>>> print(open('protein_23.cif').read())   # mmCIF, C-alpha atoms
data_final
loop_
_atom_site.label_atom_id
_atom_site.label_comp_id
_atom_site.auth_asym_id
_atom_site.auth_seq_id
_atom_site.Cartn_x
_atom_site.Cartn_y
_atom_site.Cartn_z
CA MET A 2 -132.01 18.14 15.57
CA ALA A 3 -128.91 16.11 14.81
CA LYS A 4 -127.22 16.12 11.45
CA PRO A 5 -128.08 13.11 9.32
CA ILE A 6 -125.77 10.20 9.97
CA GLU A 7 -123.88 8.86 7.01
CA GLU A 8 -125.14 5.63 5.52
CA PRO A 9 -122.81 2.80 6.53
CA ASP A 10 -121.03 0.84 3.85
CA ASP A 11 -122.88 -2.29 2.80
CA ASP A 12 -119.74 -4.29 3.55
CA ASP A 13 -120.22 -5.25 7.21
CA ASP A 14 -116.49 -5.83 7.61
CA LYS A 15 -115.67 -2.21 6.86
CA ASP A 16 -115.09 -0.01 9.92
CA ASN A 17 -117.01 3.24 10.22
CA ASP A 18 -116.12 5.66 12.96
CA GLY A 19 -119.10 7.98 12.50
CA ASP A 20 -118.67 11.52 13.82
CA GLU A 21 -116.19 10.79 16.58
CA SER A 22 -113.44 13.21 15.60
CA LYS A 23 -112.32 15.81 18.10
CA VAL A 24 -112.55 19.48 17.12
CA GLU A 25 -109.97 21.84 18.53
CA PRO A 26 -111.24 25.34 19.32
CA GLU A 27 -110.14 28.07 16.97
CA GLU A 28 -107.75 30.58 18.43
CA ASP A 29 -109.53 33.81 19.33
CA SER A 30 -107.60 37.06 18.96
CA LYS A 31 -109.01 38.15 22.33
CA GLN A 32 -107.18 35.26 23.94
CA MET A 33 -103.77 36.47 22.79
CA ASP A 34 -100.96 37.23 25.22
CA ILE A 35 -100.74 40.99 25.84
CA LEU A 36 -97.02 40.98 26.73
CA LEU A 37 -94.15 41.63 24.36
CA ASP A 38 -91.07 39.40 24.20
CA GLY A 39 -92.36 36.97 26.81
CA ASP A 40 -90.09 34.28 25.35
CA PHE A 41 -87.03 36.57 25.49
CA ALA A 42 -86.25 35.90 21.83
CA ALA A 43 -82.87 36.96 20.46
CA ASP A 44 -84.59 38.56 17.45
CA ASN A 45 -86.10 41.17 19.80
CA GLY A 46 -82.72 42.32 21.04
CA ASP A 47 -81.75 43.16 24.60
CA PHE A 48 -83.95 44.78 27.25
CA TYR A 49 -84.74 48.49 26.92
CA GLN A 50 -82.68 50.66 29.27
CA ALA A 51 -84.48 53.53 30.99
CA GLY A 52 -83.07 56.10 33.38
CA PRO A 53 -81.46 55.18 36.69
CA ASN A 54 -84.59 54.55 38.77
CA PHE A 55 -87.97 54.78 37.08
CA VAL A 56 -90.14 53.55 34.29
CA SER A 57 -93.14 55.65 33.37
CA THR A 58 -95.89 56.15 30.84
CA VAL A 59 -93.29 57.19 28.25
CA HIS A 60 -91.93 53.64 28.29
CA ILE A 61 -95.28 52.05 27.41
CA GLY A 62 -94.89 49.56 24.56
CA LYS A 63 -91.10 49.26 24.84
CA SER A 64 -91.24 45.68 26.10
CA TRP A 65 -89.07 44.89 29.16
CA VAL A 66 -87.55 48.01 30.71
CA TYR A 67 -84.81 48.20 33.34
CA PRO A 68 -82.44 50.87 34.67
CA ARG A 69 -78.75 51.07 33.84
CA GLY A 70 -77.87 49.02 36.90
CA HIS A 71 -80.05 45.92 37.11
CA LYS A 72 -80.29 42.37 38.41
CA TRP A 73 -82.10 41.03 35.35
CA ASN A 74 -80.23 40.14 32.17
CA LYS A 75 -81.24 38.62 28.85
CA ASP A 76 -79.38 35.62 27.47
CA LEU A 77 -79.51 36.17 23.71
CA VAL A 78 -78.14 32.71 22.98
CA ASN A 79 -80.37 30.55 25.20
CA GLU A 80 -83.26 33.03 25.01
CA TYR A 81 -84.28 33.39 28.63
CA ALA A 82 -83.86 35.99 31.36
CA PHE A 83 -81.42 35.34 34.21
CA ALA A 84 -80.73 37.10 37.49
CA ASP A 85 -77.65 38.25 39.32
CA ASN A 86 -77.43 40.35 42.50
CA ALA A 87 -76.10 43.69 41.24
CA GLY A 88 -78.42 46.62 40.67
CA ALA A 89 -82.15 47.25 40.65
CA PRO A 90 -84.30 44.23 41.48
CA ALA A 91 -87.08 44.74 38.90
CA MET A 92 -87.70 44.72 35.21
CA THR A 93 -90.99 46.24 34.14
CA GLN A 94 -93.24 46.11 31.12
CA GLY A 95 -96.14 48.48 30.47
CA VAL A 96 -98.81 47.89 27.82
CA LEU A 97 -101.37 50.30 26.39
CA ASN A 98 -104.39 48.04 26.58
CA ASN A 99 -107.33 50.47 26.38
CA ASN A 100 -109.62 48.14 28.39
CA GLN A 101 -109.34 45.26 25.92
CA LEU A 102 -108.36 42.69 28.56
CA GLN A 103 -111.40 42.26 30.78
CA GLY A 104 -112.61 39.70 33.27
CA LEU A 105 -110.35 36.87 34.37
CA ALA A 106 -106.88 36.26 33.00
CA GLU A 107 -103.93 34.07 33.91
CA LEU A 108 -100.25 34.76 34.36
CA LYS A 109 -97.98 31.97 33.17
CA PHE A 110 -94.22 31.59 33.24
CA LYS A 111 -91.46 29.01 33.38
CA ALA A 112 -88.62 29.23 35.86
CA LYS A 113 -85.57 27.37 37.12
CA HIS A 114 -83.90 28.06 40.45
CA SER A 115 -80.98 26.86 42.52
CA GLY A 116 -79.77 28.72 45.59
CA LEU A 117 -80.80 29.94 49.04
CA ASN A 118 -82.49 33.10 50.31
CA ASP A 119 -83.40 34.30 46.83
CA THR A 120 -86.46 36.13 45.52
CA LEU A 121 -88.69 35.85 42.47
CA ARG A 122 -91.93 37.79 42.65
CA PHE A 123 -94.43 39.19 40.18
CA GLN A 124 -96.69 42.20 40.40
CA VAL A 125 -99.48 43.08 37.97
CA ILE A 126 -101.07 46.55 38.08
CA GLY A 127 -103.95 48.09 36.13
CA LEU A 128 -103.82 51.90 35.65
CA ASP A 129 -106.05 54.55 34.13
CA SER A 130 -103.71 57.55 34.40
CA GLU A 131 -100.12 58.49 33.74
CA PHE A 132 -97.62 57.15 36.25
CA ARG A 133 -94.07 56.34 37.10
CA LEU A 134 -92.78 53.23 38.87
CA SER A 135 -89.55 52.50 40.69
CA ASN A 136 -87.47 49.57 39.57
CA TRP A 137 -85.97 49.34 43.04
CA SER A 138 -87.88 48.88 46.26
CA TRP A 139 -90.31 46.06 47.09
CA ASN A 140 -91.32 47.93 50.23
CA PRO A 141 -94.92 49.21 50.06
CA ASN A 142 -94.27 51.58 52.99
CA ALA A 143 -91.35 53.39 51.41
CA THR A 144 -91.59 57.11 50.69
CA ASN A 145 -92.55 58.57 47.32
CA GLY A 146 -89.89 57.82 44.76
CA THR A 147 -88.82 54.44 46.04
CA SER A 148 -92.15 52.73 46.65
CA TYR A 149 -92.98 49.78 44.46
CA LEU A 150 -96.49 51.24 44.01
CA PRO A 151 -97.27 53.66 41.16
CA GLN A 152 -96.44 57.33 41.73
CA PRO A 153 -97.75 60.44 39.91
CA ILE A 154 -95.66 62.15 37.29
CA ASN A 155 -96.30 65.45 39.10
CA GLU A 156 -96.68 65.66 42.87
CA ASP A 157 -100.07 67.40 42.72
CA GLU A 158 -101.61 64.60 40.65
CA VAL A 159 -103.27 61.36 41.72
CA VAL A 160 -102.60 58.00 40.09
CA SER A 161 -105.62 55.84 39.38
CA TYR A 162 -104.54 52.23 39.72
CA LYS A 163 -105.28 48.81 41.22
CA VAL A 164 -102.79 46.13 42.22
CA ILE A 165 -104.31 43.09 40.53
CA TYR A 166 -101.68 40.62 41.67
CA ASP A 167 -98.82 40.77 44.18
CA SER A 168 -97.21 37.35 44.31
CA GLU A 169 -95.56 35.10 46.80
CA ASN A 170 -91.85 34.36 46.52
CA PHE A 171 -91.40 31.67 43.88
CA ALA A 172 -87.69 31.26 44.66
CA ALA A 173 -88.16 29.97 48.19
CA THR A 174 -87.22 26.46 47.00
CA GLU A 175 -84.97 24.93 44.38
CA PHE A 176 -86.44 23.40 41.22
CA ASP A 177 -85.61 22.53 37.62
CA TRP A 178 -87.55 24.12 34.76
CA THR A 179 -91.16 24.30 35.97
CA GLU A 180 -94.23 25.93 34.45
CA PHE A 181 -96.31 28.05 36.82
CA THR A 182 -99.87 29.20 36.20
CA ILE A 183 -101.59 31.87 38.31
CA PRO A 184 -105.27 31.84 37.34
CA ASP A 185 -108.22 34.13 38.03
CA LEU A 186 -106.50 37.52 37.92
CA ASP A 187 -109.51 39.85 37.81
CA PHE A 188 -109.22 42.77 35.39
CA GLY A 189 -112.87 43.79 35.81
CA THR A 190 -113.91 46.09 32.99
CA GLY A 191 -110.30 46.67 32.01
CA TYR A 192 -107.64 49.37 32.29
CA LYS A 193 -105.94 51.83 29.98
CA TYR A 194 -102.50 50.57 30.97
CA ILE A 195 -101.41 47.20 32.33
CA VAL A 196 -98.01 46.89 33.97
CA ILE A 197 -96.11 43.80 35.07
CA LYS A 198 -93.03 43.96 37.30
CA VAL A 199 -90.74 40.99 37.84
CA PHE A 200 -88.60 41.23 40.98
CA THR A 201 -85.51 39.31 42.02
CA ASN A 202 -83.01 39.52 44.83
CA GLY A 203 -80.21 37.53 46.44
CA VAL A 204 -79.09 35.43 43.47
CA GLU A 205 -75.32 35.06 43.76
CA ALA A 206 -74.47 33.92 40.26
CA ASP A 207 -70.76 33.92 41.07
CA GLN A 208 -71.52 31.29 43.75
CA SER A 209 -73.33 28.99 41.33
CA GLU A 210 -76.80 30.19 42.29
CA GLU A 211 -79.16 30.44 39.35
CA LEU A 212 -82.54 31.96 38.61
CA LEU A 213 -83.90 31.73 35.07
CA ILE A 214 -87.33 32.69 33.69
CA ASP A 215 -88.92 32.17 30.30
CA ASP A 216 -92.26 32.18 28.46
CA VAL A 217 -93.92 34.88 30.57
CA SER A 218 -97.46 35.53 29.36
CA LEU A 219 -100.56 37.38 30.53
CA ALA A 220 -103.75 36.42 28.74
CA PRO A 221 -107.33 35.26 29.24
CA PRO A 222 -107.51 31.55 30.00
CA PRO A 223 -107.82 29.32 26.94
CA ALA A 224 -111.31 28.50 25.86
CA PRO A 225 -112.37 25.11 27.23
CA LEU A 226 -112.57 22.23 24.82
CA VAL A 227 -116.12 21.60 23.70
CA ALA A 228 -117.19 18.13 24.75
CA GLU A 229 -117.85 15.96 21.71
CA ASN A 230 -120.71 13.48 21.56
CA ILE A 231 -119.40 10.02 20.75
CA LEU A 232 -122.81 8.59 19.82
CA LEU A 233 -124.74 8.69 16.54
CA ASP A 234 -128.43 9.63 16.26
CA SER A 235 -128.56 10.76 19.89
CA ASP A 236 -131.82 12.64 19.38
CA PHE A 237 -133.49 9.83 17.42
CA ALA A 238 -134.10 12.18 14.51
CA ALA A 239 -136.52 11.15 11.77
CA ILE A 240 -134.03 12.17 9.11
CA ASN A 241 -131.78 9.31 10.24
CA GLY A 242 -134.47 6.70 9.66
CA ASP A 243 -135.45 3.77 11.85
CA PHE A 244 -133.12 1.67 13.96
CA TYR A 245 -130.83 -0.70 12.10
CA GLY A 246 -132.53 -4.09 12.07
CA ASN A 247 -130.49 -7.19 12.78
CA THR A 248 -131.76 -10.71 12.10
CA GLY A 249 -129.77 -12.28 14.94
CA THR A 250 -129.86 -11.93 18.69
CA PHE A 251 -126.52 -10.19 19.02
CA VAL A 252 -124.46 -7.39 17.52
CA SER A 253 -120.81 -7.75 16.53
CA THR A 254 -117.87 -5.84 15.17
CA ALA A 255 -119.60 -5.98 11.78
CA HIS A 256 -122.22 -3.55 13.11
CA ILE A 257 -119.76 -0.89 14.26
CA GLY A 258 -120.76 2.55 13.05
CA LYS A 259 -124.35 1.60 12.12
CA SER A 260 -125.92 3.65 14.92
CA TRP A 261 -128.59 1.89 17.04
CA ILE A 262 -128.87 -1.84 16.42
CA LYS A 263 -131.82 -4.01 17.42
CA PRO A 264 -132.96 -7.52 16.45
CA ASN A 265 -136.18 -8.04 14.50
CA GLY A 266 -138.01 -8.49 17.78
CA ASP A 267 -137.07 -5.80 20.30
CA LYS A 268 -138.62 -3.85 23.14
CA TRP A 269 -137.21 -0.56 21.81
CA ASN A 270 -138.89 1.35 18.99
CA LYS A 271 -138.25 4.69 17.30
CA ASP A 272 -141.05 7.24 16.97
CA LEU A 273 -140.27 8.96 13.67
CA VAL A 274 -142.90 11.65 14.26
CA ASN A 275 -142.07 12.72 17.81
CA GLU A 276 -138.38 11.77 17.43
CA TYR A 277 -137.73 9.76 20.55
CA ALA A 278 -137.31 6.10 21.46
CA PHE A 279 -140.10 4.29 23.30
CA ALA A 280 -140.32 0.89 24.98
CA ASP A 281 -142.85 -1.92 24.93
CA ASN A 282 -142.52 -5.36 26.49
CA ALA A 283 -142.15 -7.64 23.46
CA GLY A 284 -138.80 -8.96 22.29
CA ALA A 285 -135.15 -8.39 23.10
CA ASP A 286 -134.26 -6.08 25.95
CA ALA A 287 -131.57 -3.85 24.44
CA ILE A 288 -130.64 -1.52 21.65
CA ILE A 289 -126.88 -1.35 21.17
CA GLN A 290 -124.55 1.12 19.51
CA GLY A 291 -120.84 0.51 18.91
CA ASN A 292 -118.41 2.99 17.43
CA LEU A 293 -114.78 2.81 16.40
CA ASP A 294 -113.10 5.35 18.67
CA ASP A 295 -109.43 4.38 18.19
CA TYR A 296 -108.45 5.66 21.64
CA GLN A 297 -109.43 9.25 20.83
CA SER A 298 -111.77 9.63 23.81
CA GLN A 299 -109.80 9.56 27.05
CA GLY A 300 -110.17 10.62 30.66
CA LEU A 301 -113.57 11.40 32.13
CA ALA A 302 -116.80 11.26 30.11
CA THR A 303 -120.41 12.15 30.84
CA LEU A 304 -123.55 10.24 29.93
CA LYS A 305 -126.62 12.45 29.48
CA PHE A 306 -130.17 11.56 28.51
CA LYS A 307 -133.80 12.65 28.87
CA ALA A 308 -136.51 10.21 29.88
CA LYS A 309 -140.18 10.03 30.80
CA HIS A 310 -141.75 7.14 32.69
CA THR A 311 -145.12 6.02 33.99
CA GLY A 312 -145.67 2.52 35.34
CA SER A 313 -144.33 0.13 37.95
CA GLY A 314 -141.94 -2.82 37.92
CA ASP A 315 -140.17 -1.48 34.84
CA ASN A 316 -136.52 -1.23 33.92
CA LEU A 317 -134.22 1.31 32.23
CA LYS A 318 -130.49 0.71 32.46
CA PHE A 319 -127.35 1.72 30.58
CA VAL A 320 -124.19 -0.35 30.20
CA ILE A 321 -121.07 1.10 28.56
CA PHE A 322 -118.12 -1.05 27.48
CA GLY A 323 -114.66 -0.23 26.22
CA VAL A 324 -113.41 -3.01 23.93
CA ASN A 325 -109.97 -3.46 22.41
CA ASP A 326 -110.51 -6.68 20.43
CA ASP A 327 -111.58 -6.68 16.77
CA ASP A 328 -113.73 -9.81 17.07
CA PHE A 329 -116.47 -9.64 19.66
CA LYS A 330 -120.23 -10.11 20.00
CA LEU A 331 -122.76 -8.63 22.40
CA SER A 332 -126.25 -9.91 23.09
CA ASN A 333 -129.34 -7.74 22.62
CA TRP A 334 -130.92 -9.76 25.43
CA GLN A 335 -130.36 -8.75 29.01
CA SER A 336 -129.22 -12.24 30.00
CA ARG A 337 -129.40 -15.79 28.68
CA ASP A 338 -126.44 -17.56 30.23
CA SER A 339 -122.98 -16.76 31.48
CA ARG A 340 -121.76 -16.14 27.94
CA LEU A 341 -124.69 -14.44 26.26
CA GLY A 342 -125.35 -11.82 28.91
CA TYR A 343 -124.27 -8.27 29.53
CA PHE A 344 -120.73 -8.81 28.44
CA PRO A 345 -118.75 -8.98 25.19
CA TYR A 346 -117.88 -12.52 24.12
CA THR A 347 -116.50 -14.51 21.20
CA ASP A 348 -117.55 -17.83 19.68
CA ALA A 349 -114.12 -19.19 20.55
CA GLU A 350 -114.80 -19.98 24.18
CA ALA A 351 -111.09 -20.26 25.04
CA VAL A 352 -110.48 -16.67 23.89
CA THR A 353 -110.70 -13.92 26.50
CA ILE A 354 -112.05 -10.60 25.26
CA ASP A 355 -110.11 -7.47 26.25
CA TYR A 356 -112.85 -5.18 27.54
CA SER A 357 -113.81 -3.01 30.51
CA VAL A 358 -117.22 -2.20 31.95
CA ILE A 359 -117.08 1.59 32.08
CA HIS A 360 -120.58 2.02 33.51
CA ASP A 361 -123.35 -0.31 34.63
CA SER A 362 -126.16 1.92 35.76
CA VAL A 363 -128.91 1.86 38.32
CA ASN A 364 -132.50 1.37 37.21
CA TYR A 365 -133.90 4.71 36.03
CA ALA A 366 -137.48 3.35 35.74
CA ASP A 367 -138.06 2.58 39.42
CA SER A 368 -140.22 5.71 39.82
CA GLU A 369 -142.59 7.78 37.72
CA TYR A 370 -141.62 11.20 36.31
CA ASP A 371 -142.32 13.58 33.44
CA TRP A 372 -139.54 14.48 30.99
CA THR A 373 -136.38 14.74 33.09
CA GLU A 374 -132.75 15.24 32.12
CA PHE A 375 -130.26 12.90 33.78
CA THR A 376 -126.48 13.40 33.93
CA ILE A 377 -124.00 10.70 34.93
CA PRO A 378 -120.54 12.32 35.21
CA ASP A 379 -117.03 11.01 35.78
CA LEU A 380 -117.17 7.89 33.62
CA ASP A 381 -113.52 6.91 33.36
CA LEU A 382 -112.38 6.14 29.82
CA ALA A 383 -108.79 5.96 31.09
CA SER A 384 -106.37 6.07 28.14
CA GLY A 385 -109.11 5.12 25.70
CA TYR A 386 -110.42 2.06 23.85
CA LYS A 387 -110.55 0.94 20.25
CA TYR A 388 -114.35 0.51 20.41
CA LEU A 389 -116.93 2.13 22.68
CA VAL A 390 -120.23 0.28 23.01
CA ILE A 391 -123.42 1.28 24.83
CA LYS A 392 -126.39 -0.97 25.64
CA VAL A 393 -129.74 0.55 26.61
CA ILE A 394 -131.83 -2.07 28.42
CA THR A 395 -135.53 -2.07 29.21
CA SER A 396 -138.13 -4.52 30.46
CA GLY A 397 -141.59 -4.62 31.98
CA VAL A 398 -143.16 -1.66 30.16
CA ASP A 399 -146.74 -2.67 29.32
CA ASN A 400 -147.78 0.11 26.98
CA THR A 401 -151.09 -1.65 26.36
CA ALA A 402 -151.93 -0.91 30.01
CA GLY A 403 -150.96 2.78 29.80
CA GLU A 404 -147.36 2.39 30.96
CA GLU A 405 -144.84 4.54 29.12
CA LEU A 406 -141.05 4.78 28.89
CA LEU A 407 -139.62 7.38 26.50
CA LEU A 408 -135.95 8.21 25.85
CA ASP A 409 -134.34 11.13 24.02
CA ASP A 410 -131.13 13.16 23.66
CA LEU A 411 -128.85 10.30 24.70
CA GLU A 412 -125.24 11.53 24.57
CA LEU A 413 -121.85 10.24 25.66
CA LEU A 414 -119.66 13.32 25.96
CA ASN A 415 -115.89 13.55 26.18
#
>>> encode(input="protein_23.cif", output="structure tokens")
Amino acid sequence: MAKPIEEPDDDDDKDNDGDESKVEPEEDSKQMDILLDGDFAADNGDFYQAGPNFVSTVHIGKSWVYPRGHKWNKDLVNEYAFADNAGAPAMTQGVLNNNQLQGLAELKFKAKHSGLNDTLRFQVIGLDSEFRLSNWSWNPNATNGTSYLPQPINEDEVVSYKVIYDSENFAATEFDWTEFTIPDLDFGTGYKYIVIKVFTNGVEADQSEELLIDDVSLAPPPAPLVAENILLDSDFAAINGDFYGNTGTFVSTAHIGKSWIKPNGDKWNKDLVNEYAFADNAGADAIIQGNLDDYQSQGLATLKFKAKHTGSGDNLKFVIFGVNDDDFKLSNWQSRDSRLGYFPYTDAEAVTIDYSVIHDSVNYADSEYDWTEFTIPDLDLASGYKYLVIKVITSGVDNTAGEELLLDDLELLN
């Protein structure tokens, strides 16, 4: 059941935007980046220098590790990593994760590159045993000690690992600062250790070639935004009372935020016991709801509703408008003339209303069905509108002859 809607102010000229605010998801600690110093901050100091060739389990948690001779360097002023062509091609970071990162994750980084025949590649490995890794070769067929794959600390041991990601070359073309996202890296049920290696080669910095990286992160994808319902009293809850009665044959800006509006004579009624809307065939064709959205809802939206219908020759349609003018009217009747029809209008006939028809639906009462949920996706709100207005139109339902049209859970989601 929906929360009670707030009573609108008695002053019809006062705007009321209902419950249209967007709620950002709270940050979950499980969604945090597992890497250290991914932004190469000066406060974290320079990279950690290991021995001449290898990183191993003893370097876990020491952030970025490289040998004494290396192609990767840290710019402590501009706070990014940059490549040259002298030394080992890789810097490596190992994290004790203890199976915390599970399922799908994404690798993200920013990079900038100018030059020819250069290399930028990433490798992500999950391990469940002690290991050592070369900072040198990219050759998977090299002998023990120079292979880019994990090696045992002692020759009689076996390393338990999986290569989760082995990338393409991101430095095959030139580009200014660009953000890259590699989604759907599958960590399964997790690993004790997670290692990332960043490889470079061929960057002749003394010949004005350049390869920079920044903001390297490895984390679960962000939680999707929860779609917010733009409409009030979508489930026709008894706690919200009956529809708002209007003495005229139209609604206007003065009715914004008052939930569902109908004239004194209308084909739509609200069942306060069963909490749905039902149609008869006496009166105006439409209930209308308009809300002040102030351009908050943008992009694609989805209209959802549940309905039940028995009868023939009946009508159930939905029309959604985006309106940017503060002075408009909209008829509760399906059509009277070219002005008092589907569309927003003003009493000043020379004035053109700034509006768009976002959706003008098919007839959903052209067949009989029990309670059914309908979904109409991909309604384009573009860059948004000041007001969003929905008309729900019916006709033909002779409930005295056993015909029935019921409506519930009507939502406009964005």
>>> closest_atom_pairs(input="protein_23.cif", of="range 176-226 of chain A", to="range 58-68 of chain A", cutoff="12 Å", atoms="all atoms listed in the file", output="CSV")
residue,atom,partner,partner_atom,distance
A:Lys193,CA,A:Ile61,CA,11.0
A:Tyr194,CA,A:Ile61,CA,8.2
A:Ile195,CA,A:Ile61,CA,9.2
A:Val196,CA,A:Ile61,CA,8.8
A:Ile197,CA,A:Trp65,CA,9.3
A:Lys198,CA,A:Trp65,CA,9.1
A:Val199,CA,A:Trp65,CA,9.7
A:Phe200,CA,A:Tyr67,CA,11.0
A:Val217,CA,A:Trp65,CA,11.2
>>> write_last_selection(input="protein_23.cif", atoms="C-alpha atoms", output="PDB file, keeping the file's coordinate frame")
ATOM      1  CA  LYS A 193    -105.940  51.830  29.980  1.00  0.00           C
ATOM      2  CA  TYR A 194    -102.500  50.570  30.970  1.00  0.00           C
ATOM      3  CA  ILE A 195    -101.410  47.200  32.330  1.00  0.00           C
ATOM      4  CA  VAL A 196     -98.010  46.890  33.970  1.00  0.00           C
ATOM      5  CA  ILE A 197     -96.110  43.800  35.070  1.00  0.00           C
ATOM      6  CA  LYS A 198     -93.030  43.960  37.300  1.00  0.00           C
ATOM      7  CA  VAL A 199     -90.740  40.990  37.840  1.00  0.00           C
ATOM      8  CA  PHE A 200     -88.600  41.230  40.980  1.00  0.00           C
ATOM      9  CA  VAL A 217     -93.920  34.880  30.570  1.00  0.00           C
TER      10      VAL A 217
END
>>> atom_distance(input="protein_23.cif", atom1="CA of Tyr370 in chain A", atom2="CA of Ala308 in chain A")
8.3 Å
>>> closest_residue(input="protein_23.cif", among="A:Leu389, A:Pro223, A:Phe251, A:Gly314", to="Gln299 in chain A", atoms="all atoms listed in the file")
A:Leu389
>>> resolve_selection(input="protein_23.cif", expression="the PyMOL selection byres ((chain A and resi 253) around 12)", output="compact mmCIF listing (two decimals) with C-alpha atoms, in the coordinates of the input")
# COMPACT_ATOMS: atom_id res chain seq x y z
CA ASP A 13 -120.22 -5.25 7.21
CA ASP A 14 -116.49 -5.83 7.61
CA ASP A 16 -115.09 -0.01 9.92
CA ASN A 247 -130.49 -7.19 12.78
CA GLY A 249 -129.77 -12.28 14.94
CA THR A 250 -129.86 -11.93 18.69
CA PHE A 251 -126.52 -10.19 19.02
CA VAL A 252 -124.46 -7.39 17.52
CA THR A 254 -117.87 -5.84 15.17
CA ALA A 255 -119.60 -5.98 11.78
CA HIS A 256 -122.22 -3.55 13.11
CA ILE A 257 -119.76 -0.89 14.26
CA GLY A 258 -120.76 2.55 13.05
CA LYS A 259 -124.35 1.60 12.12
CA ILE A 262 -128.87 -1.84 16.42
CA LYS A 263 -131.82 -4.01 17.42
CA ILE A 289 -126.88 -1.35 21.17
CA GLN A 290 -124.55 1.12 19.51
CA GLY A 291 -120.84 0.51 18.91
CA ASN A 292 -118.41 2.99 17.43
CA VAL A 324 -113.41 -3.01 23.93
CA ASP A 326 -110.51 -6.68 20.43
CA ASP A 327 -111.58 -6.68 16.77
CA ASP A 328 -113.73 -9.81 17.07
CA PHE A 329 -116.47 -9.64 19.66
CA LYS A 330 -120.23 -10.11 20.00
CA LEU A 331 -122.76 -8.63 22.40
CA SER A 332 -126.25 -9.91 23.09
CA ASN A 333 -129.34 -7.74 22.62
CA PHE A 344 -120.73 -8.81 28.44
CA PRO A 345 -118.75 -8.98 25.19
CA TYR A 346 -117.88 -12.52 24.12
CA THR A 347 -116.50 -14.51 21.20
CA ASP A 348 -117.55 -17.83 19.68
CA TYR A 388 -114.35 0.51 20.41
CA VAL A 390 -120.23 0.28 23.01
>>> closest_residue(input="protein_23.cif", among="A:Thr120, A:Gly127, A:Glu180, A:Ser260", to="Ser235 in chain A", atoms="only C-alpha atoms")
A:Ser260
>>> atom_distance(input="protein_23.cif", atom1="CA of Asp409 in chain A", atom2="CA of Ala224 in chain A")
28.9 Å
>>> residues_near_point(input="protein_23.cif", point="(-115.2, 46.4, 30.6)", cutoff="8 Å", atoms="all atoms listed in the file", output="PyMOL selection string")
chain A and resi 100-101+103-104+189-191
>>> residues_around(input="protein_23.cif", residues="His360 in chain A", least_positions_apart="5", cutoff="7 Å", atoms="all atoms listed in the file", output="list in words")
Val320, Ile321 and Leu380 of chain A
>>> resolve_selection(input="protein_23.cif", expression="the PyMOL selection byres ((chain A and resi 315-317) around 12)", output="count of residues only")
45
>>> closest_residue(input="protein_23.cif", among="A:Asn118, A:Tyr192, A:Asp295, A:Asp167", to="Leu97 in chain A", atoms="all atoms listed in the file")
A:Tyr192
>>> resolve_selection(input="protein_23.cif", expression="the PyMOL selection byres ((chain A and resi 70) around 7)", output="list in words")
Pro68, Arg69, His71, Gly88 and Ala89 of chain A
>>> write_last_selection(input="protein_23.cif", atoms="C-alpha atoms", output="short mmCIF file (atom, residue, chain, number, x, y, z; two decimals), keeping the file's coordinate frame")
data_model
loop_
_atom_site.label_atom_id
_atom_site.label_comp_id
_atom_site.auth_asym_id
_atom_site.auth_seq_id
_atom_site.Cartn_x
_atom_site.Cartn_y
_atom_site.Cartn_z
CA PRO A 68 -82.44 50.87 34.67
CA ARG A 69 -78.75 51.07 33.84
CA HIS A 71 -80.05 45.92 37.11
CA GLY A 88 -78.42 46.62 40.67
CA ALA A 89 -82.15 47.25 40.65
#
>>> atom_distance(input="protein_23.cif", atom1="CA of Thr174 in chain A", atom2="CA of Pro221 in chain A")
28.2 Å
>>> closest_residue(input="protein_23.cif", among="A:Glu131, A:Gly203, A:Leu77, A:Lys72", to="Asp119 in chain A", atoms="only C-alpha atoms")
A:Gly203
>>> residues_near_point(input="protein_23.cif", point="(-111.8, -7.3, 26.0)", cutoff="8 Å", atoms="only C-alpha atoms", output="list in words")
Gly323, Val324, Asn325, Asp326, Pro345, Thr353, Ile354, Asp355, Tyr356 and Ser357 of chain A
>>> residues_around(input="protein_23.cif", residues="Asp410 in chain A", least_positions_apart="5", cutoff="10 Å", atoms="only C-alpha atoms", output="list in words")
Met2, Ala3, Asp234, Ser235, Asp236, Phe237, Ala238, Glu276, Tyr277, Ala278, Lys305, Phe306, Lys307, Ala308 and Glu374 of chain A
>>> closest_residue(input="protein_23.cif", among="A:Asn241, A:Ser130, A:Ser115, A:Asn79", to="Ser209 in chain A", atoms="all atoms listed in the file")
A:Ser115
>>> decode(input="protein_23.cif", residues="range 397-401 of chain A", atoms="N, CA and C atoms", output="short mmCIF file (atom, residue, chain, number, x, y, z; two decimals), in the first residue's frame")
data_model
loop_
_atom_site.label_atom_id
_atom_site.label_comp_id
_atom_site.auth_asym_id
_atom_site.auth_seq_id
_atom_site.Cartn_x
_atom_site.Cartn_y
_atom_site.Cartn_z
N GLY A 397 -17.45 3.34 -22.89
CA GLY A 397 -18.17 2.15 -23.33
C GLY A 397 -18.45 1.10 -22.29
N VAL A 398 -17.92 1.21 -21.09
CA VAL A 398 -18.05 0.15 -20.09
C VAL A 398 -19.43 0.22 -19.44
N ASP A 399 -20.29 -0.72 -19.78
CA ASP A 399 -21.65 -0.76 -19.24
C ASP A 399 -21.66 -1.73 -18.06
N ASN A 400 -21.36 -1.20 -16.88
CA ASN A 400 -21.28 -2.09 -15.71
C ASN A 400 -22.66 -2.58 -15.27
N THR A 401 -23.71 -1.94 -15.76
CA THR A 401 -25.05 -2.45 -15.44
C THR A 401 -25.37 -3.71 -16.23
#
